[in-house]
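Undergrad: Quick one: this structure, given as structure tokens, is what I'll be asking you about.
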Amino acid sequence: MFGFDQQFLLRLMGIGFALMGLGARVGAWKKWYWGSRGGAYAYLPLGLMFILYTYDAYFRESLGPYYFLYWAGIIAVAILILWWAARPPAFIKPRWVRWVEKYPLNVIGAMAAEVEAGKSWEEHITSEDAVDQWAKTLKGKPPKKKKKRK
């Protein structure tokens with residue numbers, strides 16, 4: 001209708017979402033964390049879903065009676081999107097986010113308030129010890145460290 005390839009556009013959008021999800025995973029955009037609930041982690045599988053969807057006709061033809069496996073894969077990716085958007089697992093989060101999230105919500109809230117107030121904060125997330133020091137200045141007790149099993 002508009003003279004452009006819809007499959008190409010969907011793949012391009014899929015690549016864009018996947019790159020944004022990777023950016024969230026590696027912690028490229030640190031400031032978004034304080035104003036979001038972590039839904040950006042779901043962009044990676046969302047991008048995969050866009051790309052997979054563009055191969056519907058190909059899989060319909062090549063898989064024949066096993067075409068349902070393609071849709072099982074699509075449904076699995078959709079479940080992954082919902083999971084990572086609602087309650088992202090720790091392995092998908094950058095290290096600094098895991099360090100911050102060890103603290104109680106009142107300490108995280110105090111950290112967020114400092115960020116929103118425009119105070120310098122990025123130097124506080126360079127290491128786990130830096131996060132611990134930041135939490136102490138906000139009157140938060142550091143979490144108990146887990147003992148490693150030998």
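So you can find residues: chains in the structure tokens are A, B, ... in the order shown, residues in each start at 1, and ligands are numbered from 1 in order.
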Leaving out segment 22-38 of chain A and any residue of its chain fewer than 3 positions from it, which residues lie within 8 Å of it when counting only C-alpha atoms, given as a list in words?

TA: Ala18, Leu19, Tyr41, Leu44, Ala85, Ala86, Arg87, Pro88, Ile92, Lys93, Pro94, Ala112 and Val115 of chain A

Undergrad: Mind dumping the selected residues with C-alpha atoms as a JSON list (two decimals), in the first residue's frame?

TA:
```json
[["chain", "number", "residue", "atom", "x", "y", "z"],
["A", 18, "ALA", "CA", 16.94, -6.20, 20.55],
["A", 19, "LEU", "CA", 19.68, -3.55, 20.59],
["A", 41, "TYR", "CA", 14.92, -5.97, 29.76],
["A", 44, "LEU", "CA", 15.59, -8.25, 23.80],
["A", 85, "ALA", "CA", 8.88, -7.35, 31.79],
["A", 86, "ALA", "CA", 7.06, -8.24, 35.01],
["A", 87, "ARG", "CA", 9.85, -9.74, 37.10],
["A", 88, "PRO", "CA", 13.22, -9.70, 35.35],
["A", 92, "ILE", "CA", 19.54, -10.33, 32.85],
["A", 93, "LYS", "CA", 20.25, -7.28, 35.03],
["A", 94, "PRO", "CA", 23.55, -5.38, 34.98],
["A", 112, "ALA", "CA", 16.32, 7.24, 43.61],
["A", 115, "VAL", "CA", 19.20, 10.79, 41.50]]
```

Undergrad: Quick one: DSSP helix (DSSP H, G or I) residues in segment 36-131 of chain A, as a ChimeraX atom specification?

TA: /A:39-53,56-86,90-92,95-100,105-116,122-125,128-131

Undergrad: Could you check how far atom CA of Thr126 of chain A sits from atom CA of Ala42 of chain A, in Å to one decimal?

TA: 24.5 Å

Undergrad: Atom CA of Ile108 of chain A and atom CA of Pro45 of chain A, how far apart in Å?

TA: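 Atom CA of Pro45 of chain A sits 27.3 Å away from atom CA of Ile108 of chain A.
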
Undergrad: Show me, as a PyMOL selection string, the residues that have an atom within 12 Å of segment 69-76 of chain A when counting only C-alpha atoms, minus same-chain residues fewer than 5 positions from it.

TA: chain A and resi 45-64+81-83

Undergrad: What would the file look like if the residues just selected were written as a PDB file, in the first residue's frame with N, CA and C atoms?

TA:
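Okay, this is what ended up in again-v1.pdb:
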```pdb
ATOM      1  N   PRO A  45      13.919 -10.070  24.036  1.00  0.00           N
ATOM      2  CA  PRO A  45      13.057 -11.083  23.423  1.00  0.00           C
ATOM      3  C   PRO A  45      11.952 -10.485  22.546  1.00  0.00           C
ATOM      4  N   LEU A  46      11.541  -9.245  22.817  1.00  0.00           N
ATOM      5  CA  LEU A  46      10.550  -8.605  21.949  1.00  0.00           C
ATOM      6  C   LEU A  46      11.118  -8.421  20.546  1.00  0.00           C
ATOM      7  N   GLY A  47      12.368  -8.000  20.475  1.00  0.00           N
ATOM      8  CA  GLY A  47      13.026  -7.872  19.172  1.00  0.00           C
ATOM      9  C   GLY A  47      13.096  -9.213  18.467  1.00  0.00           C
ATOM     10  N   LEU A  48      13.414 -10.268  19.219  1.00  0.00           N
ATOM     11  CA  LEU A  48      13.458 -11.611  18.645  1.00  0.00           C
ATOM     12  C   LEU A  48      12.088 -12.014  18.109  1.00  0.00           C
ATOM     13  N   MET A  49      11.031 -11.648  18.841  1.00  0.00           N
ATOM     14  CA  MET A  49       9.667 -11.980  18.413  1.00  0.00           C
ATOM     15  C   MET A  49       9.333 -11.297  17.076  1.00  0.00           C
ATOM     16  N   PHE A  50       9.681 -10.021  16.949  1.00  0.00           N
ATOM     17  CA  PHE A  50       9.434  -9.314  15.686  1.00  0.00           C
ATOM     18  C   PHE A  50      10.146 -10.015  14.532  1.00  0.00           C
ATOM     19  N   ILE A  51      11.402 -10.384  14.757  1.00  0.00           N
ATOM     20  CA  ILE A  51      12.179 -11.024  13.693  1.00  0.00           C
ATOM     21  C   ILE A  51      11.608 -12.402  13.365  1.00  0.00           C
ATOM     22  N   LEU A  52      11.303 -13.190  14.384  1.00  0.00           N
ATOM     23  CA  LEU A  52      10.737 -14.525  14.144  1.00  0.00           C
ATOM     24  C   LEU A  52       9.424 -14.458  13.373  1.00  0.00           C
ATOM     25  N   TYR A  53       8.600 -13.481  13.699  1.00  0.00           N
ATOM     26  CA  TYR A  53       7.296 -13.373  13.047  1.00  0.00           C
ATOM     27  C   TYR A  53       7.430 -13.175  11.536  1.00  0.00           C
ATOM     28  N   THR A  54       8.487 -12.530  11.109  1.00  0.00           N
ATOM     29  CA  THR A  54       8.655 -12.279   9.670  1.00  0.00           C
ATOM     30  C   THR A  54       8.947 -13.557   8.888  1.00  0.00           C
ATOM     31  N   TYR A  55       9.278 -14.635   9.578  1.00  0.00           N
ATOM     32  CA  TYR A  55       9.581 -15.900   8.914  1.00  0.00           C
ATOM     33  C   TYR A  55       8.402 -16.871   8.932  1.00  0.00           C
ATOM     34  N   ASP A  56       7.211 -16.375   9.200  1.00  0.00           N
ATOM     35  CA  ASP A  56       6.022 -17.224   9.278  1.00  0.00           C
ATOM     36  C   ASP A  56       5.805 -18.025   7.996  1.00  0.00           C
ATOM     37  N   ALA A  57       5.791 -17.358   6.858  1.00  0.00           N
ATOM     38  CA  ALA A  57       5.529 -18.047   5.591  1.00  0.00           C
ATOM     39  C   ALA A  57       6.613 -19.087   5.292  1.00  0.00           C
ATOM     40  N   TYR A  58       7.849 -18.742   5.582  1.00  0.00           N
ATOM     41  CA  TYR A  58       8.951 -19.672   5.343  1.00  0.00           C
ATOM     42  C   TYR A  58       8.780 -20.937   6.181  1.00  0.00           C
ATOM     43  N   PHE A  59       8.494 -20.770   7.472  1.00  0.00           N
ATOM     44  CA  PHE A  59       8.347 -21.930   8.344  1.00  0.00           C
ATOM     45  C   PHE A  59       7.080 -22.726   8.025  1.00  0.00           C
ATOM     46  N   ARG A  60       6.031 -22.051   7.599  1.00  0.00           N
ATOM     47  CA  ARG A  60       4.800 -22.748   7.228  1.00  0.00           C
ATOM     48  C   ARG A  60       5.089 -23.717   6.086  1.00  0.00           C
ATOM     49  N   GLU A  61       5.878 -23.264   5.123  1.00  0.00           N
ATOM     50  CA  GLU A  61       6.198 -24.088   3.961  1.00  0.00           C
ATOM     51  C   GLU A  61       7.236 -25.154   4.293  1.00  0.00           C
ATOM     52  N   SER A  62       8.271 -24.794   5.006  1.00  0.00           N
ATOM     53  CA  SER A  62       9.370 -25.735   5.222  1.00  0.00           C
ATOM     54  C   SER A  62       9.092 -26.762   6.326  1.00  0.00           C
ATOM     55  N   LEU A  63       8.322 -26.400   7.329  1.00  0.00           N
ATOM     56  CA  LEU A  63       8.065 -27.340   8.420  1.00  0.00           C
ATOM     57  C   LEU A  63       6.885 -28.269   8.156  1.00  0.00           C
ATOM     58  N   GLY A  64       6.009 -27.887   7.249  1.00  0.00           N
ATOM     59  CA  GLY A  64       4.861 -28.727   6.909  1.00  0.00           C
ATOM     60  C   GLY A  64       4.027 -29.077   8.126  1.00  0.00           C
ATOM     61  N   ILE A  81       8.932 -12.702  27.231  1.00  0.00           N
ATOM     62  CA  ILE A  81       8.721 -11.245  27.242  1.00  0.00           C
ATOM     63  C   ILE A  81       7.940 -10.843  28.489  1.00  0.00           C
ATOM     64  N   LEU A  82       6.846 -11.540  28.757  1.00  0.00           N
ATOM     65  CA  LEU A  82       6.024 -11.216  29.920  1.00  0.00           C
ATOM     66  C   LEU A  82       6.800 -11.406  31.224  1.00  0.00           C
ATOM     67  N   TRP A  83       7.566 -12.478  31.305  1.00  0.00           N
ATOM     68  CA  TRP A  83       8.352 -12.751  32.500  1.00  0.00           C
ATOM     69  C   TRP A  83       9.394 -11.661  32.730  1.00  0.00           C
TER      70      TRP A  83
END
```

Undergrad: Neighbouring residues of segment 127-140 of chain A were defined as those with any atom within 7 Å, considering only C-alpha atoms; residues of the same chain fewer than 6 positions away were excluded. Please report them as number ranges by chain.

TA: A: 99-100, 107, 110

Undergrad: To one decimal place in Å, what is the distance between atom CA of Trp121 of chain A and atom CA of Pro104 of chain A?

TA: 18.2 Å

Undergrad: Taking into account only C-alpha atoms, which residue in the set A:Ile15, A:Leu9, A:Ile125, A:Ala78 is nearest to Arg98 of chain A?

TA: A:Ile125
